[in-house]
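The next block is work-v1.txt, given as compact mmCIF, C-alpha atoms.
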# COMPACT_ATOMS: atom_id res chain seq x y z
CA MET Q 157 -15.88 0.16 -27.95
CA ILE Q 158 -16.21 -0.31 -24.19
CA HIS Q 159 -18.24 1.77 -21.75
CA ILE Q 160 -17.92 1.32 -17.99
CA VAL Q 161 -21.33 2.13 -16.54
CA ASP Q 162 -21.81 2.21 -12.78
CA SER Q 163 -24.07 4.01 -10.33
CA LEU Q 164 -21.91 7.13 -10.59
CA ASN Q 165 -22.59 7.68 -14.30
CA LYS Q 166 -25.67 5.58 -15.06
CA SER Q 167 -27.90 8.62 -15.56
CA GLU Q 168 -25.78 9.50 -18.61
CA HIS Q 169 -26.04 5.97 -20.02
CA ALA Q 170 -29.69 4.99 -19.51
CA ALA Q 171 -30.12 3.78 -23.11
CA LEU Q 172 -26.99 1.58 -22.93
CA LEU Q 173 -28.18 -0.03 -19.71
CA GLU Q 174 -31.63 -0.63 -21.17
CA ALA Q 175 -30.14 -2.36 -24.24
CA MET Q 176 -27.80 -4.37 -22.01
CA PHE Q 177 -30.63 -5.69 -19.81
CA ARG Q 178 -32.50 -6.70 -22.99
CA LEU Q 179 -29.41 -8.50 -24.35
CA ARG Q 180 -29.09 -10.36 -21.03
CA LYS Q 181 -32.74 -11.45 -21.31
CA ARG Q 182 -32.17 -12.83 -24.83
CA VAL Q 183 -29.04 -14.70 -23.76
CA PHE Q 184 -29.64 -15.93 -20.22
CA HIS Q 185 -33.41 -16.45 -20.36
CA ASP Q 186 -34.22 -17.23 -23.99
CA ARG Q 187 -31.09 -19.03 -25.16
CA LEU Q 188 -29.46 -20.53 -22.05
CA GLY Q 189 -32.65 -21.14 -20.05
CA TRP Q 190 -31.26 -19.86 -16.76
CA ASP Q 191 -33.71 -19.40 -13.91
CA VAL Q 192 -33.68 -15.60 -14.09
CA VAL Q 193 -36.41 -13.03 -13.48
CA ILE Q 194 -37.65 -11.10 -16.52
CA ARG Q 195 -39.37 -7.75 -16.07
CA ASP Q 196 -40.62 -5.89 -19.15
CA GLY Q 197 -38.29 -7.76 -21.47
CA ARG Q 198 -35.26 -7.10 -19.31
CA GLU Q 199 -33.22 -9.46 -17.14
CA ILE Q 200 -32.47 -7.63 -13.89
CA ASP Q 201 -31.66 -9.21 -10.51
CA ALA Q 202 -31.00 -8.10 -6.95
CA PHE Q 203 -27.28 -7.61 -7.65
CA ASP Q 204 -28.02 -4.96 -10.26
CA ASP Q 205 -29.40 -2.91 -7.35
CA LEU Q 206 -26.11 -3.19 -5.43
CA ASP Q 207 -24.21 -0.64 -7.53
CA PRO Q 208 -22.16 -3.01 -9.70
CA ALA Q 209 -20.03 -1.83 -12.63
CA HIS Q 210 -21.13 -2.95 -16.09
CA VAL Q 211 -18.61 -3.44 -18.88
CA ILE Q 212 -20.60 -2.80 -22.06
CA SER Q 213 -19.37 -3.37 -25.62
CA VAL Q 214 -21.00 -1.27 -28.35
CA ASP Q 215 -20.51 -1.92 -32.08
CA ASP Q 216 -20.03 0.59 -34.93
CA GLN Q 217 -23.79 1.00 -35.27
CA GLY Q 218 -24.14 1.86 -31.59
CA GLN Q 219 -25.70 -1.51 -30.71
CA VAL Q 220 -24.87 -3.22 -27.41
CA VAL Q 221 -23.20 -6.51 -28.43
CA GLY Q 222 -21.57 -7.70 -25.22
CA CYS Q 223 -21.51 -7.13 -21.48
CA MET Q 224 -20.22 -8.27 -18.12
CA ARG Q 225 -21.10 -7.31 -14.55
CA LEU Q 226 -18.43 -6.70 -11.92
CA LEU Q 227 -18.81 -6.74 -8.12
CA GLN Q 228 -16.36 -6.55 -5.25
CA THR Q 229 -15.94 -9.89 -3.44
CA THR Q 230 -15.62 -8.06 -0.11
CA GLY Q 231 -19.33 -7.29 -0.29
CA PRO Q 232 -22.45 -9.21 -1.33
CA HIS Q 233 -21.83 -11.02 -4.62
CA MET Q 234 -23.29 -13.96 -6.53
CA LEU Q 235 -20.84 -16.72 -5.54
CA ALA Q 236 -21.37 -15.90 -1.87
CA ASP Q 237 -25.09 -15.42 -1.98
CA VAL Q 238 -26.65 -17.24 -4.97
CA PHE Q 239 -24.20 -19.54 -6.77
CA SER Q 240 -22.82 -20.95 -3.52
CA SER Q 241 -23.68 -24.49 -4.66
CA ILE Q 242 -20.85 -24.22 -7.20
CA LEU Q 243 -18.44 -23.92 -4.27
CA ASP Q 244 -19.44 -27.33 -2.82
CA GLY Q 245 -20.03 -25.87 0.62
CA GLU Q 246 -16.71 -24.04 0.76
CA PRO Q 247 -16.85 -20.39 1.83
CA PRO Q 248 -16.45 -17.92 -1.03
CA LEU Q 249 -13.18 -16.10 -1.62
CA ARG Q 250 -13.14 -12.57 -0.23
CA SER Q 251 -10.45 -10.07 -1.14
CA ALA Q 252 -10.23 -6.36 -1.85
CA THR Q 253 -8.19 -7.13 -4.96
CA LEU Q 254 -10.51 -9.86 -6.31
CA TRP Q 255 -13.53 -8.90 -8.41
CA GLU Q 256 -16.36 -11.20 -9.40
CA ALA Q 257 -17.55 -11.23 -13.02
CA THR Q 258 -21.07 -12.46 -13.75
CA ARG Q 259 -23.65 -12.15 -16.56
CA PHE Q 260 -20.86 -12.29 -19.14
CA CYS Q 261 -22.43 -12.59 -22.59
CA VAL Q 262 -22.20 -11.53 -26.23
CA ASP Q 263 -24.94 -11.17 -28.84
CA THR Q 264 -24.47 -14.42 -30.77
CA ALA Q 265 -27.49 -13.65 -32.98
CA ARG Q 266 -25.94 -10.41 -34.22
CA LEU Q 267 -22.28 -11.43 -34.30
CA GLY Q 268 -20.58 -13.78 -36.74
CA SER Q 269 -18.15 -16.62 -36.13
CA GLY Q 270 -14.48 -16.59 -37.14
CA ARG Q 271 -12.08 -13.73 -36.41
CA GLY Q 272 -12.10 -9.98 -36.91
CA PRO Q 273 -14.55 -7.19 -36.01
CA ASN Q 274 -18.20 -8.04 -35.38
CA THR Q 275 -17.44 -11.62 -34.41
CA ILE Q 276 -18.24 -13.43 -31.17
CA SER Q 277 -14.55 -13.95 -30.57
CA HIS Q 278 -13.66 -10.28 -31.11
CA VAL Q 279 -16.37 -8.88 -28.84
CA THR Q 280 -15.61 -11.47 -26.14
CA SER Q 281 -11.98 -10.35 -26.18
CA GLU Q 282 -12.93 -6.67 -26.17
CA VAL Q 283 -15.15 -7.11 -23.09
CA MET Q 284 -12.39 -9.03 -21.30
CA ILE Q 285 -9.77 -6.39 -22.17
CA GLY Q 286 -12.11 -3.66 -20.92
CA ALA Q 287 -12.79 -5.47 -17.65
CA PHE Q 288 -9.14 -6.36 -17.02
CA GLU Q 289 -7.82 -2.88 -17.83
CA TYR Q 290 -10.49 -1.30 -15.63
CA GLY Q 291 -9.48 -3.74 -12.88
CA MET Q 292 -5.74 -3.06 -13.32
CA ALA Q 293 -6.38 0.67 -12.90
CA ALA Q 294 -8.30 -0.08 -9.71
CA GLY Q 295 -5.46 -2.18 -8.20
CA ILE Q 296 -7.29 -5.47 -8.83
CA THR Q 297 -5.08 -8.57 -9.20
CA ASP Q 298 -7.58 -11.40 -9.77
CA ALA Q 299 -11.05 -12.15 -11.10
CA VAL Q 300 -13.47 -15.01 -10.54
CA ALA Q 301 -16.01 -15.40 -13.33
CA VAL Q 302 -19.23 -17.41 -13.33
CA ILE Q 303 -19.46 -18.77 -16.88
CA ASP Q 304 -20.84 -21.71 -18.85
CA PRO Q 305 -18.73 -24.37 -20.64
CA VAL Q 306 -19.18 -22.65 -24.02
CA MET Q 307 -17.73 -19.40 -22.72
CA ASP Q 308 -15.03 -21.40 -20.97
CA ARG Q 309 -13.97 -22.92 -24.32
CA VAL Q 310 -14.07 -19.49 -25.99
CA LEU Q 311 -11.73 -18.13 -23.30
CA LYS Q 312 -9.33 -21.07 -23.63
CA ARG Q 313 -9.17 -20.59 -27.39
CA SER Q 314 -8.59 -16.84 -27.23
CA GLY Q 315 -5.38 -16.47 -25.24
CA ASN Q 316 -7.35 -16.08 -22.03
CA ALA Q 317 -7.54 -19.53 -20.41
CA PRO Q 318 -8.67 -19.56 -16.77
CA HIS Q 319 -5.86 -20.74 -14.47
CA GLY Q 320 -8.20 -22.64 -12.20
CA TYR Q 321 -11.72 -23.34 -11.11
CA LEU Q 322 -13.50 -23.18 -7.75
CA GLY Q 323 -15.70 -26.03 -6.57
CA SER Q 324 -17.34 -28.00 -9.37
CA PRO Q 325 -19.67 -27.22 -12.32
CA LYS Q 326 -23.37 -27.18 -11.41
CA PRO Q 327 -26.49 -27.36 -13.59
CA MET Q 328 -28.01 -23.96 -14.29
CA GLY Q 329 -30.94 -24.07 -16.74
CA LYS Q 330 -29.99 -25.77 -19.99
CA VAL Q 331 -26.26 -25.53 -19.27
CA THR Q 332 -23.85 -25.84 -16.37
CA ALA Q 333 -22.19 -22.97 -14.56
CA LEU Q 334 -18.62 -22.91 -13.34
CA ALA Q 335 -16.45 -20.47 -11.40
CA ALA Q 336 -13.26 -19.69 -13.34
CA LEU Q 337 -10.23 -17.92 -11.92
CA MET Q 338 -8.18 -15.47 -13.96
CA ASP Q 339 -5.27 -13.26 -13.00
CA VAL Q 340 -5.69 -9.57 -13.83
CA SER Q 341 -2.28 -8.83 -15.31
CA ASP Q 342 -0.41 -7.12 -18.15
CA GLU Q 343 0.59 -10.56 -19.46
CA ARG Q 344 -3.00 -11.76 -19.77
CA ILE Q 345 -4.17 -8.51 -21.35
CA ARG Q 346 -1.30 -8.67 -23.86
CA SER Q 347 -2.16 -12.29 -24.67
CA ILE Q 348 -5.84 -11.46 -25.32
CA ARG Q 349 -4.89 -8.40 -27.38
CA ASP Q 350 -2.41 -10.41 -29.48
CA PHE Q 351 -4.93 -13.17 -30.14
CA ALA Q 352 -7.74 -10.77 -31.08
CA GLY Q 353 -5.52 -8.31 -32.94
CA ILE Q 354 -6.92 -5.49 -30.79
CA HIS Q 355 -4.16 -2.88 -30.44
CA TYR Q 356 -6.27 0.23 -29.93
CA ASP Q 357 -7.64 1.82 -26.75
CA VAL Q 358 -10.88 -0.13 -26.21
CA PHE Q 359 -12.50 2.51 -24.01
CA ALA Q 360 -14.99 5.09 -25.25
CA PRO Q 361 -13.77 8.62 -24.47
CA GLN Q 362 -14.39 9.37 -20.77
CA PRO Q 363 -14.93 12.83 -19.30
CA HIS Q 364 -12.91 11.73 -16.28
CA ARG Q 365 -10.00 9.53 -15.29
CA ILE Q 366 -10.76 5.88 -14.49
CA ALA Q 367 -9.36 5.21 -11.03
CA ALA Q 368 -5.55 5.19 -11.16
CA GLU Q 369 -5.39 4.98 -14.95
CA MET L 582 -27.07 13.77 9.79
CA ASP L 583 -24.21 13.99 12.27
CA LEU L 584 -20.49 13.77 11.76
CA ILE L 585 -18.71 11.79 14.47
CA ASP L 586 -14.97 11.65 15.05
CA LEU L 587 -14.64 8.08 16.30
CA SER L 588 -11.28 8.80 17.93
CA THR L 589 -13.17 10.73 20.60
CA ARG L 590 -15.25 7.65 21.44
CA ARG L 591 -14.21 5.49 24.35
CA GLY L 592 -13.85 1.76 24.00
CA SER L 593 -11.84 1.64 20.83
CA THR L 594 -9.56 -1.37 20.94
CA GLU L 595 -7.30 -0.32 18.09
CA ASP L 596 -5.54 2.91 17.32
CA PHE L 597 -7.11 3.59 13.95
CA GLU L 598 -5.70 7.10 13.66
CA ASP L 599 -2.23 5.73 14.15
CA PHE L 600 -2.90 3.17 11.40
CA LEU L 601 -3.83 6.03 9.05
CA ARG L 602 -0.75 8.07 10.05
CA ARG L 603 1.55 5.13 9.35
CA LEU L 604 -0.22 4.56 6.03
CA CYS L 605 0.50 8.19 5.04
CA ALA L 606 4.16 7.81 5.91
CA ARG L 607 4.48 4.55 3.99
CA LEU L 608 2.75 5.78 0.84
CA GLY L 609 4.14 9.31 0.83
CA VAL L 610 0.80 11.14 0.99
CA ASP L 611 -0.19 14.11 3.16
CA TYR L 612 -3.41 12.98 4.82
CA ALA L 613 -5.66 9.95 5.10
CA SER L 614 -9.20 9.51 6.31
CA TYR L 615 -11.71 6.73 6.74
CA ALA L 616 -15.48 7.16 6.82
CA THR L 617 -18.52 4.94 6.99
CA ILE L 618 -22.20 5.73 7.16
CA ASN L 619 -23.99 4.23 10.16
CA PRO L 620 -26.76 2.14 8.57
CA VAL L 621 -29.20 2.95 11.37
CA SER L 622 -28.59 6.57 12.37
CA GLY L 623 -27.23 7.69 9.00
CA ALA L 624 -24.39 9.50 10.79
CA VAL L 625 -21.03 9.78 9.02
CA GLN L 626 -18.44 8.25 11.33
CA GLY L 627 -14.76 7.96 10.89
CA TYR L 628 -11.16 8.90 11.50
CA ALA L 629 -8.85 11.41 9.86
CA THR L 630 -5.25 12.57 10.16
CA TYR L 631 -6.12 16.13 9.09
CA GLY L 632 -5.01 18.98 11.33
CA GLU L 633 -7.32 20.13 14.10
CA ALA L 634 -8.08 23.46 12.36
CA TRP L 635 -9.38 21.78 9.19
CA LYS L 636 -11.32 19.18 11.20
CA ARG L 637 -12.97 21.96 13.24
CA HIS L 638 -13.78 24.01 10.15
CA TYR L 639 -15.20 20.93 8.39
CA MET L 640 -17.41 20.04 11.36
CA ASP L 641 -18.48 23.63 12.12
CA GLN L 642 -19.47 24.24 8.50
CA ARG L 643 -21.12 20.78 8.37
CA LEU L 644 -19.27 20.15 5.10
CA HIS L 645 -19.93 16.42 5.41
CA LEU L 646 -23.47 17.16 4.24
CA ILE L 647 -22.26 18.28 0.80
CA ASP L 648 -18.77 16.74 0.39
CA PRO L 649 -19.10 14.49 -2.69
CA THR L 650 -16.01 12.47 -1.70
CA LEU L 651 -18.09 11.18 1.24
CA HIS L 652 -21.16 10.27 -0.76
CA LYS L 653 -20.30 9.36 -4.33
CA PRO L 654 -17.38 6.87 -4.25
CA ALA L 655 -19.53 4.30 -2.38
CA LEU L 656 -21.51 3.96 -5.63
CA SER L 657 -18.38 2.75 -7.46
CA ILE L 658 -16.61 -0.61 -7.21
CA ALA L 659 -13.31 1.05 -8.21
CA PRO L 660 -11.26 3.78 -6.51
CA VAL L 661 -12.50 7.23 -7.50
CA ASP L 662 -9.93 9.93 -8.33
CA TRP L 663 -11.12 13.31 -7.08
CA SER L 664 -10.40 14.81 -10.52
CA ARG L 665 -13.79 13.29 -11.33
CA PHE L 666 -15.34 16.03 -9.14
CA ASP L 667 -13.44 18.93 -10.73
CA ARG L 668 -16.58 20.49 -12.13
CA ASP L 669 -18.72 19.65 -9.10
CA ALA L 670 -19.71 22.92 -7.37
CA GLN L 671 -20.02 21.27 -3.96
CA PHE L 672 -16.60 19.66 -4.26
CA ARG L 673 -15.16 23.09 -5.13
CA LYS L 674 -16.93 24.64 -2.15
CA VAL L 675 -15.37 22.11 0.24
CA PHE L 676 -11.88 21.89 -1.25
CA ASP L 677 -11.28 25.48 -2.29
CA ALA L 678 -11.52 26.18 1.43
CA ALA L 679 -9.32 23.19 2.20
CA ARG L 680 -6.34 24.78 0.46
CA ASP L 681 -6.24 27.50 3.14
CA PHE L 682 -5.72 24.72 5.69
CA GLY L 683 -2.93 23.04 3.72
CA VAL L 684 -5.18 20.23 2.44
CA ALA L 685 -4.86 19.41 -1.26
CA SER L 686 -7.84 18.91 -3.55
CA GLN L 687 -5.88 16.12 -5.22
CA GLY L 688 -7.06 12.85 -3.78
CA ILE L 689 -8.41 9.38 -4.31
CA THR L 690 -11.11 7.46 -2.45
CA VAL L 691 -11.19 3.66 -2.24
CA PRO L 692 -14.68 2.28 -1.61
CA ILE L 693 -14.98 -0.97 0.35
CA ARG L 694 -18.08 -3.10 0.78
CA GLY L 695 -18.65 -5.53 3.63
CA PRO L 696 -20.75 -8.71 3.56
CA TRP L 697 -23.64 -7.03 5.44
CA GLY L 698 -24.09 -4.35 2.81
CA ASP L 699 -21.93 -2.01 4.93
CA ARG L 700 -19.67 0.36 3.02
CA GLY L 701 -16.54 2.23 3.99
CA LEU L 702 -14.34 4.80 2.29
CA LEU L 703 -10.58 5.24 2.61
CA SER L 704 -9.25 8.50 1.17
CA VAL L 705 -5.77 9.94 0.81
CA THR L 706 -4.68 13.37 -0.43
CA ALA L 707 -1.34 14.87 -1.44
CA ALA L 708 -0.23 18.21 -2.83
CA MET L 709 1.93 17.50 -5.91
CA SER L 710 1.95 17.94 -9.67
CA ASP L 711 -0.70 16.17 -11.68
CA HIS L 712 2.02 14.05 -13.31
CA ASP L 713 3.49 12.94 -9.97
CA TRP L 714 0.01 12.27 -8.59
CA ARG L 715 -0.80 9.96 -11.52
CA LEU L 716 2.44 8.04 -11.00
CA LEU L 717 1.84 7.78 -7.26
CA THR L 718 -1.77 6.62 -7.55
CA ARG L 719 -0.87 3.94 -10.07
CA GLN L 720 1.87 2.72 -7.75
CA MET L 721 -0.13 2.77 -4.49
CA VAL L 722 -3.64 1.78 -5.59
CA GLY L 723 -3.15 -1.91 -4.72
CA ASP L 724 -1.80 -1.02 -1.28
CA LEU L 725 -4.74 1.32 -0.77
CA GLN L 726 -7.18 -1.49 -1.56
CA MET L 727 -5.58 -3.72 1.09
CA ALA L 728 -5.44 -0.89 3.63
CA ALA L 729 -9.07 0.02 2.98
CA VAL L 730 -10.43 -3.46 3.59
CA HIS L 731 -8.26 -3.89 6.68
CA MET L 732 -9.42 -0.58 8.13
CA HIS L 733 -13.08 -1.18 7.30
CA ASP L 734 -13.18 -4.72 8.70
CA ALA L 735 -11.38 -3.60 11.85
CA VAL L 736 -13.82 -0.74 12.44
CA MET L 737 -16.77 -3.08 11.86
CA ARG L 738 -15.30 -5.68 14.24
CA SER L 739 -14.68 -3.06 16.90
CA GLY L 740 -18.42 -2.74 17.44
CA LEU L 741 -18.01 1.04 17.80
CA LEU L 742 -20.61 1.71 15.16
CA LEU L 743 -23.29 -0.64 16.18
CA PRO L 744 -22.61 -3.46 18.64
CA GLN L 745 -25.54 -5.47 17.31
CA MET L 746 -24.00 -5.52 13.82
CA ALA L 747 -21.10 -7.51 15.18
CA LEU L 748 -23.50 -10.13 16.53
CA PRO L 749 -27.07 -10.20 15.20
CA GLN L 750 -29.69 -10.54 17.93
CA LEU L 751 -31.64 -13.66 17.00
CA SER L 752 -34.72 -14.61 19.02
CA ALA L 753 -34.89 -18.06 20.65
CA ARG L 754 -37.49 -19.05 18.06
CA GLU L 755 -35.33 -17.90 15.18
CA ARG L 756 -32.41 -19.86 16.58
CA GLU L 757 -34.60 -22.93 17.04
CA VAL L 758 -35.86 -22.77 13.47
CA LEU L 759 -32.35 -22.30 12.08
CA GLN L 760 -31.09 -25.11 14.30
CA TRP L 761 -33.61 -27.58 12.84
CA VAL L 762 -33.02 -26.39 9.28
CA ALA L 763 -29.31 -26.93 9.87
CA ALA L 764 -30.17 -30.47 10.98
CA GLY L 765 -31.71 -31.08 7.57
CA LYS L 766 -35.41 -30.61 8.40
CA ASN L 767 -37.72 -28.96 5.88
CA GLN L 768 -40.18 -26.25 6.87
CA GLN L 769 -43.07 -28.70 7.38
CA ASP L 770 -40.91 -30.84 9.69
CA VAL L 771 -39.82 -27.79 11.67
CA GLY L 772 -43.41 -26.64 12.03
CA ASP L 773 -44.46 -30.09 13.30
CA ILE L 774 -41.55 -30.34 15.72
CA LEU L 775 -42.10 -26.89 17.19
CA GLY L 776 -45.89 -27.01 17.00
CA ILE L 777 -46.18 -23.90 14.86
CA SER L 778 -47.58 -23.34 11.37
CA ILE L 779 -45.47 -23.46 8.21
CA ARG L 780 -46.22 -19.80 7.70
CA THR L 781 -44.81 -18.96 11.13
CA VAL L 782 -41.70 -20.97 10.37
CA GLU L 783 -41.31 -18.91 7.19
CA VAL L 784 -41.69 -15.62 9.07
CA HIS L 785 -38.99 -16.56 11.57
CA LEU L 786 -36.72 -17.77 8.79
CA ARG L 787 -37.16 -14.60 6.77
CA SER L 788 -36.44 -12.45 9.81
CA ALA L 789 -33.37 -14.49 10.70
CA ARG L 790 -32.11 -14.19 7.11
CA GLU L 791 -32.47 -10.42 7.20
CA LYS L 792 -30.76 -10.07 10.57
CA LEU L 793 -27.89 -12.16 9.27
CA GLY L 794 -27.74 -10.17 6.04
CA ALA L 795 -28.31 -13.40 4.09
CA LEU L 796 -30.20 -13.79 0.83
CA THR L 797 -30.76 -17.54 1.17
CA THR L 798 -31.59 -19.82 4.06
CA VAL L 799 -28.53 -21.94 3.37
CA GLN L 800 -26.40 -18.84 3.72
CA ALA L 801 -28.20 -17.75 6.90
CA VAL L 802 -27.53 -21.16 8.47
CA GLY L 803 -23.89 -20.89 7.43
CA ARG L 804 -23.50 -17.48 8.97
CA ALA L 805 -25.35 -18.41 12.17
CA VAL L 806 -23.09 -21.44 12.62
CA ALA L 807 -19.99 -19.37 11.90
CA MET L 808 -21.05 -16.80 14.49
CA GLY L 809 -21.76 -19.46 17.09
CA LEU L 810 -25.45 -18.52 17.23
CA ILE L 811 -26.51 -22.10 16.55
CA HIS L 812 -24.64 -25.35 17.02
CA PRO L 813 -25.53 -28.13 14.60
CA ARG L 814 -24.77 -31.60 15.89
For the structure just supplied, provide its representation as structure tokens.
Amino acid sequence: MIHIVDSLNKSEHAALLEAMFRLRKRVFHDRLGWDVVIRDGREIDAFDDLDPAHVISVDDQGQVVGCMRLLQTTGPHMLADVFSSILDGEPPLRSATLWEATRFCVDTARLGSGRGPNTISHVTSEVMIGAFEYGMAAGITDAVAVIDPVMDRVLKRSGNAPHGYLGSPKPMGKVTALAALMDVSDERIRSIRDFAGIHYDVFAPQPHRIAAE
Amino acid sequence: MDLIDLSTRRGSTEDFEDFLRRLCARLGVDYASYATINPVSGAVQGYATYGEAWKRHYMDQRLHLIDPTLHKPALSIAPVDWSRFDRDAQFRKVFDAARDFGVASQGITVPIRGPWGDRGLLSVTAAMSDHDWRLLTRQMVGDLQMAAVHMHDAVMRSGLLLPQMALPQLSAREREVLQWVAAGKNQQDVGDILGISIRTVEVHLRSAREKLGALTTVQAVGRAVAMGLIHPR
């Protein structure tokens, strides 16, 4: 089940955010060895202070098992300001209908392999569906995601292959990081849903309407 | 905190109100407005196609101080439908009055962020059934995104808000330091060349980064070059 948590509703979702920052620490610091700052067991950076939206996947037991951070590319974002080396000196893309996805991860220690609920593949797809449907409702047409080669392969295998890449892969801790481009479209969402067998509404009940839903 | 109708300011190079009026006609909505918060003075500045009576009431009552559509959507990366404020007492206070002036409480606000951390808000309202409003918002939200970024960038470029935001005021020393960094010198080299300590080089660099709204030195150099503030050879 997907929660969209941003600076408008974060006071209602403090526990979710806390668990998400701890998941990010386990993945990006402990497992992938990225050069990230850890405070009190949580991975939080300057972009978390810029009012991003977090797409957070929660399992049946209420545990945070996946997440992704979204920022507008019209404003400060990681490819413009931190990951610019990936772009080989080219200026970053900037568009009102292009969102940047960063800190995309799932809890590989808790989730199994294979298909079906509570698997890495399933939660990855659920987070992507949540992000793309949230983007569609906001009038977004494209996404650029900073991911590692493992996530890139997962996407390619799950009906969600990036249609292109910006710049070239660059070393980032124990792995490399690359900037993948994906269209935000009904076709892509349908393809991910078909692959994952997810035909339900992924969003947790909201007290309000999400953008132009 | 003041509320400033930018259309009353001299020196505007573009007719922003006309842009908003044409946007309303194209999308089939009643009114449109654009607002941004001046990062220095904190004043709310903008344009609106609302009638004079509602504008006067809004300014006289200083409703901008409590209007959640002016303060909350900037926290979101996605457009915010005003139905989200249905149970917000301050929203009700502003928009229950609006009805008497022919302004609907049905609206959507598109937040836009600029590279300097600046934020702008484009809002449209229309009186129609909830069903029709949902259909219309779904259909126009992409157009609204494009209109919002166009409007925001144009207002920022106009220099009406803050001329120095259009062109950061770098000191000669800051320009010198950036110039040498752009030429590939490290901080020790720059200090030796200019006869100043490494620490002083760092202070100038940090200041230049902040003025340019850059998080990294590489980015600050890039922006300074792009703005013609330094000229690497």
Chain L residues near chain Q within 6 Å, closest pair each, using all atoms listed in the file, as JSON lines:
{"residue": "L:Leu656", "atom": "CA", "partner": "Q:Ser163", "partner_atom": "CA", "distance": 5.4}
{"residue": "L:Ala659", "atom": "CA", "partner": "Q:Ala294", "partner_atom": "CA", "distance": 5.4}
{"residue": "L:Pro660", "atom": "CA", "partner": "Q:Ala367", "partner_atom": "CA", "distance": 5.1}
{"residue": "L:Val661", "atom": "CA", "partner": "Q:Ala367", "partner_atom": "CA", "distance": 5.1}
{"residue": "L:Asp662", "atom": "CA", "partner": "Q:Ala367", "partner_atom": "CA", "distance": 5.5}
{"residue": "L:Arg665", "atom": "CA", "partner": "Q:His364", "partner_atom": "CA", "distance": 5.3}
{"residue": "L:Arg694", "atom": "CA", "partner": "Q:Gly231", "partner_atom": "CA", "distance": 4.5}
{"residue": "L:Gly695", "atom": "CA", "partner": "Q:Gly231", "partner_atom": "CA", "distance": 4.4}
{"residue": "L:Pro696", "atom": "CA", "partner": "Q:Gly231", "partner_atom": "CA", "distance": 4.3}
{"residue": "L:Thr718", "atom": "CA", "partner": "Q:Ala368", "partner_atom": "CA", "distance": 5.4}
{"residue": "L:Arg719", "atom": "CA", "partner": "Q:Ala368", "partner_atom": "CA", "distance": 5.0}
{"residue": "L:Val722", "atom": "CA", "partner": "Q:Gly295", "partner_atom": "CA", "distance": 5.1}
{"residue": "L:Gly723", "atom": "CA", "partner": "Q:Gly295", "partner_atom": "CA", "distance": 4.2}
{"residue": "L:Gln726", "atom": "CA", "partner": "Q:Ala252", "partner_atom": "CA", "distance": 5.8}
Inset, instruction - Quick one: pull the distance between atom CA of L:Arg754 and atom CA of L:Arg738, Å, one decimal. - result: 26.2 Å
Legend entry - 8 Å contact set for L:Ala629, all atoms listed in the file, chain neighbours under 5 positions out, as a PyMOL selection string: chain L and resi 598+601+612-615
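Atom to atom, atom CA of Q:Gly222 and atom CA of Q:Leu311 stand 14.5 Å apart.
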Inset, instruction - Would you list the contacts of Q:Asp339 as a ChimeraX atom specification, taking every protein, DNA or RNA residue within 9 Å and counting all atoms listed in the file, but skipping same-chain residues closer than 6 positions in sequence? - result: /Q:288,297-300,318-319
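Using all atoms listed in the file, the set of residues no farther than 7 Å from the position (-20.4, -4.4, -18.1) comprises Q:Ile160, Q:Val161, Q:Ala209, Q:His210, Q:Val211, Q:Ile212, Q:Cys223, Q:Met224, Q:Arg225, Q:Leu226.
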For the selection you just gave me, I'd like the residues written to a file as a compact mmCIF listing (two decimals), in the frame of the given file, keeping C-alpha atoms.
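See out-v6.txt below for the written result:
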# COMPACT_ATOMS: atom_id res chain seq x y z
CA ILE Q 160 -17.92 1.32 -17.99
CA VAL Q 161 -21.33 2.13 -16.54
CA ALA Q 209 -20.03 -1.83 -12.63
CA HIS Q 210 -21.13 -2.95 -16.09
CA VAL Q 211 -18.61 -3.44 -18.88
CA ILE Q 212 -20.60 -2.80 -22.06
CA CYS Q 223 -21.51 -7.13 -21.48
CA MET Q 224 -20.22 -8.27 -18.12
CA ARG Q 225 -21.10 -7.31 -14.55
CA LEU Q 226 -18.43 -6.70 -11.92
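Distance-wise, atom CA of L:Thr798 and atom CA of L:Ala753 end up 17.0 Å apart.
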Legend entry - Residue with smallest distance to Q:Asn316 - pool Q:Met338, Q:Ala360, Q:Ile303, Q:Val221, counting all atoms listed in the file: Q:Met338
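Closest approach to L:His638 among L:Val736, L:Phe682, L:Leu751, L:Leu725 is made by L:Phe682 (distances from all atoms listed in the file).
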Inset, instruction - For Q:Gly323, please output as a ChimeraX atom specification all residues within 9 Å (counting all atoms listed in the file; exclusion window: fewer than 6 positions along the same chain). - result: /Q:241-246,334-335
Inset, instruction - Find the spatial neighbours of L:Gln687, counting all atoms listed in the file, within a cut-off of 12 Å - ignore same-chain residues fewer than 4 positions away - and output them as a PyMOL selection string. - result: chain L and resi 610-612+650+661-667+672-673+676-677+679-680+683+704-715+717-718
Inset, instruction - Find the residues with any atom within 9 Å of (-30.3, -22.0, 9.3); use all atoms listed in the file and the coordinates as given in the file, and write the answer as a ChimeraX atom specification. - result: /L:755-764,786,789-790,798-806,811
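Among the candidate residues Q:Ala175, Q:Leu249, Q:Leu322, Q:Ala287, the one lying nearest to Q:Val340 is Q:Ala287, with distances computed using only C-alpha atoms.
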